[in-house]
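For reference, query_13.cif is printed below; it contains mmCIF, C-alpha atoms.
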```cif
data_my_file
#
loop_
_atom_site.label_atom_id
_atom_site.label_comp_id
_atom_site.auth_asym_id
_atom_site.auth_seq_id
_atom_site.Cartn_x
_atom_site.Cartn_y
_atom_site.Cartn_z
CA MET T 1 25.99 19.71 -6.22
CA PRO T 2 22.52 21.34 -6.46
CA CYS T 3 20.96 17.90 -6.46
CA GLN T 4 22.56 17.23 -3.07
CA ILE T 5 21.65 20.59 -1.51
CA ALA T 6 17.98 20.61 -2.47
CA PRO T 7 16.91 17.51 -0.49
CA HIS T 8 18.86 18.68 2.56
CA ALA T 9 17.24 22.13 2.35
CA CYS T 10 13.76 20.60 2.06
CA LEU T 11 14.26 18.32 5.04
CA THR T 12 15.79 21.06 7.19
CA SER T 13 13.09 23.61 6.37
CA ALA T 14 10.32 21.07 6.99
CA HIS T 15 11.75 20.42 10.45
CA ARG T 16 11.85 24.15 11.25
CA VAL T 17 8.41 24.86 9.83
CA SER T 18 6.84 22.11 11.91
CA LYS T 19 7.85 23.98 15.08
CA SER T 20 6.73 27.42 13.86
CA PRO T 21 2.93 27.09 14.16
CA GLY T 22 3.26 26.90 17.94
CA PHE T 23 4.57 30.46 18.01
CA ILE T 24 2.47 31.86 15.17
CA GLY T 25 -0.81 31.51 17.06
CA TYR T 26 0.21 33.74 19.95
CA TRP T 27 -0.61 36.95 18.07
CA LEU T 28 -4.32 36.14 18.33
CA GLY T 29 -4.54 37.08 22.03
CA PRO T 30 -3.39 40.68 21.61
CA PHE T 31 -5.21 41.08 18.28
CA ILE T 32 -8.57 40.01 19.69
CA ALA T 33 -8.00 42.18 22.76
CA ILE T 34 -7.33 45.24 20.56
CA VAL T 35 -10.37 44.69 18.34
CA LEU T 36 -12.73 44.06 21.26
CA THR T 37 -11.36 46.96 23.31
CA GLU T 38 -11.79 49.32 20.37
CA HIS T 39 -15.36 48.16 19.83
CA VAL T 40 -16.49 47.96 23.47
CA VAL T 41 -14.59 50.84 25.11
CA PHE T 42 -14.03 53.40 22.37
CA ARG T 43 -16.99 52.71 20.06
CA ARG T 44 -19.35 51.89 22.96
CA ARG T 45 -20.57 48.68 21.26
CA SER T 46 -22.23 50.70 18.50
CA TRP T 47 -21.70 49.73 14.88
CA ALA T 48 -22.91 53.19 13.86
CA ALA T 49 -19.94 54.75 15.67
CA TYR T 50 -17.62 53.54 12.92
CA GLU T 51 -19.19 55.91 10.33
CA VAL T 52 -18.02 53.73 7.46
CA GLU T 53 -19.61 55.78 4.67
CA ALA T 54 -18.21 59.07 5.98
CA ALA T 55 -14.70 57.66 6.41
CA TRP T 56 -14.63 55.70 3.15
CA ASP T 57 -11.58 56.63 1.03
CA LYS T 58 -10.52 59.27 3.57
CA PRO T 59 -7.45 57.95 5.42
CA ARG T 60 -7.23 61.07 7.59
CA HIS T 61 -10.86 60.94 8.74
CA PRO T 62 -11.01 61.88 12.46
CA ASN T 63 -13.07 58.80 13.26
CA LEU T 64 -10.30 56.42 12.21
CA ALA T 65 -7.59 55.34 14.62
CA LEU T 66 -4.06 56.29 13.61
CA GLY T 67 -2.81 52.82 14.48
CA TYR T 68 0.10 53.77 16.73
CA ALA T 69 -1.65 52.42 19.82
CA ALA T 70 -2.37 49.07 18.16
CA VAL T 71 1.17 48.68 16.84
CA TRP T 72 2.68 49.57 20.20
CA THR T 73 0.37 47.13 21.97
CA ILE T 74 1.20 44.21 19.65
CA VAL T 75 4.95 44.86 19.72
CA SER T 76 5.09 45.20 23.49
CA ALA T 77 2.88 42.14 23.96
CA ILE T 78 5.35 40.03 21.96
CA GLY T 79 7.95 40.57 24.68
CA LEU T 80 5.49 39.38 27.29
CA ILE T 81 4.51 36.41 25.15
CA VAL T 82 8.12 35.27 24.89
CA LEU T 83 8.50 35.38 28.67
CA CYS T 84 5.32 33.39 29.32
CA MET T 85 5.32 30.82 26.53
CA SER T 86 6.19 27.16 26.81
CA GLN T 87 7.00 25.39 23.57
CA GLU T 88 9.17 22.45 22.63
CA TRP T 89 11.97 24.72 21.45
CA TRP T 90 11.63 27.56 24.01
CA THR T 91 10.32 27.96 27.51
CA GLY T 92 10.23 31.44 28.97
CA PRO T 93 11.22 32.16 32.56
CA VAL T 94 7.64 32.73 33.72
CA ALA T 95 6.45 29.45 32.20
CA ASP T 96 9.53 27.70 33.54
CA ALA T 97 8.69 28.83 37.08
CA GLY T 98 5.81 26.38 37.10
CA THR T 99 2.93 28.35 35.62
CA GLY T 100 2.92 26.53 32.31
CA ASP T 101 2.05 28.19 29.01
CA ILE T 102 0.07 31.26 30.08
CA ALA T 103 1.25 33.50 27.24
CA MET T 104 -2.12 33.77 25.50
CA ILE T 105 -4.07 34.69 28.64
CA VAL T 106 -1.47 37.12 29.97
CA SER T 107 -0.96 38.81 26.60
CA TRP T 108 -4.72 39.23 26.18
CA ALA T 109 -5.15 40.85 29.60
CA TYR T 110 -2.06 43.02 29.11
CA SER T 111 -3.26 44.12 25.67
CA VAL T 112 -6.68 45.22 26.95
CA VAL T 113 -5.05 47.51 29.52
CA MET T 114 -2.19 48.70 27.29
CA TYR T 115 -4.42 49.42 24.29
CA SER T 116 -6.88 51.36 26.46
CA VAL T 117 -4.09 53.57 27.77
CA ALA T 118 -2.28 53.92 24.44
CA ARG T 119 -5.47 54.62 22.46
CA THR T 120 -6.53 57.30 24.93
CA ALA T 121 -3.12 58.92 24.60
CA GLU T 122 -3.30 58.59 20.81
CA LYS T 123 -6.71 60.28 20.71
CA ARG T 124 -5.46 63.17 22.87
CA TRP T 125 -2.34 63.55 20.74
CA ALA T 126 -4.38 63.53 17.52
CA ALA T 127 -6.80 66.13 18.92
CA ALA T 128 -3.95 68.42 19.98
CA ARG T 129 -2.27 68.00 16.61
CA SER T 130 -5.30 69.10 14.60
#
```
Please express the file's structure as structure tokens.
Amino acid sequence: MPCQIAPHACLTSAHRVSKSPGFIGYWLGPFIAIVLTEHVVFRRRSWAAYEVEAAWDKPRHPNLALGYAAVWTIVSAIGLIVLCMSQEWWTGPVADAGTGDIAMIVSWAYSVVMYSVARTAEKRWAAARS
């Protein structure tokens, strides 16, 4: 019995995995938007603003982002990605309306705006908390 199940499992998983890379790459749009927005807007394009030596081994250093804004931005962008993506196994309603696969562009633009708003709120919340 195990000899019969193993080949079937390998063939089935190979079929599923071959469709997965199309979806896996969509996280790059929001991720790049978050990193660039943090560097350009909040750090003012200054590498010195990161204060790496001062924040090293201090997870509660005030210069470090808490991460809530980034997590919220990525999670909320996934919903938008699903609506705008066009893959072999799924086409969202926005892409189906004739726009094509615009998930990467839309999620990047959305993430720049959402992260800016969420990070500002996170900074105010952290300042009020301390």
Might you spell out which residues the PyMOL selection byres ((chain T and resi 117-130) around 9) would select in the displayed file, as a JSON list (two decimals) with C-alpha atoms, in the coordinates of the input?
```json
[["chain", "number", "residue", "atom", "x", "y", "z"],
["T", 38, "GLU", "CA", -11.79, 49.32, 20.37],
["T", 42, "PHE", "CA", -14.03, 53.40, 22.37],
["T", 62, "PRO", "CA", -11.01, 61.88, 12.46],
["T", 65, "ALA", "CA", -7.59, 55.34, 14.62],
["T", 66, "LEU", "CA", -4.06, 56.29, 13.61],
["T", 67, "GLY", "CA", -2.81, 52.82, 14.48],
["T", 68, "TYR", "CA", 0.10, 53.77, 16.73],
["T", 69, "ALA", "CA", -1.65, 52.42, 19.82],
["T", 70, "ALA", "CA", -2.37, 49.07, 18.16],
["T", 72, "TRP", "CA", 2.68, 49.57, 20.20],
["T", 73, "THR", "CA", 0.37, 47.13, 21.97],
["T", 112, "VAL", "CA", -6.68, 45.22, 26.95],
["T", 113, "VAL", "CA", -5.05, 47.51, 29.52],
["T", 114, "MET", "CA", -2.19, 48.70, 27.29],
["T", 115, "TYR", "CA", -4.42, 49.42, 24.29],
["T", 116, "SER", "CA", -6.88, 51.36, 26.46]]
```
Problem set entry | Selection result for the PyMOL selection byres ((chain T and resi 80) around 12) on this file, as a ChimeraX atom specification | /T:26-27,29-30,73-79,81-85,92-95,101-111
Exercise. What does the distance from atom CA of T:Gly100 to atom CA of T:Gly25 come to in Å, to one decimal?
Worked result: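 Distance between the two atoms: 16.5 Å.
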Exercise. When you draw a straight line from atom CA of T:Val35 to atom CA of T:Trp90, how long is it in Å?
Worked result: 28.5 Å
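Atom CA of T:Leu64 sits 14.7 Å away from atom CA of T:Val41.
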Taking all atoms of stretch 37-45 of chain T that the file lists and extending 6 Å past them on each side, where is the centre of the axis-aligned box and how long are its edges? Answer in Å to one decimal, as AutoDock Vina command-line options.
```
--center_x -16.0 --center_y 50.2 --center_z 22.5 --size_x 21.2 --size_y 18.4 --size_z 17.3
```
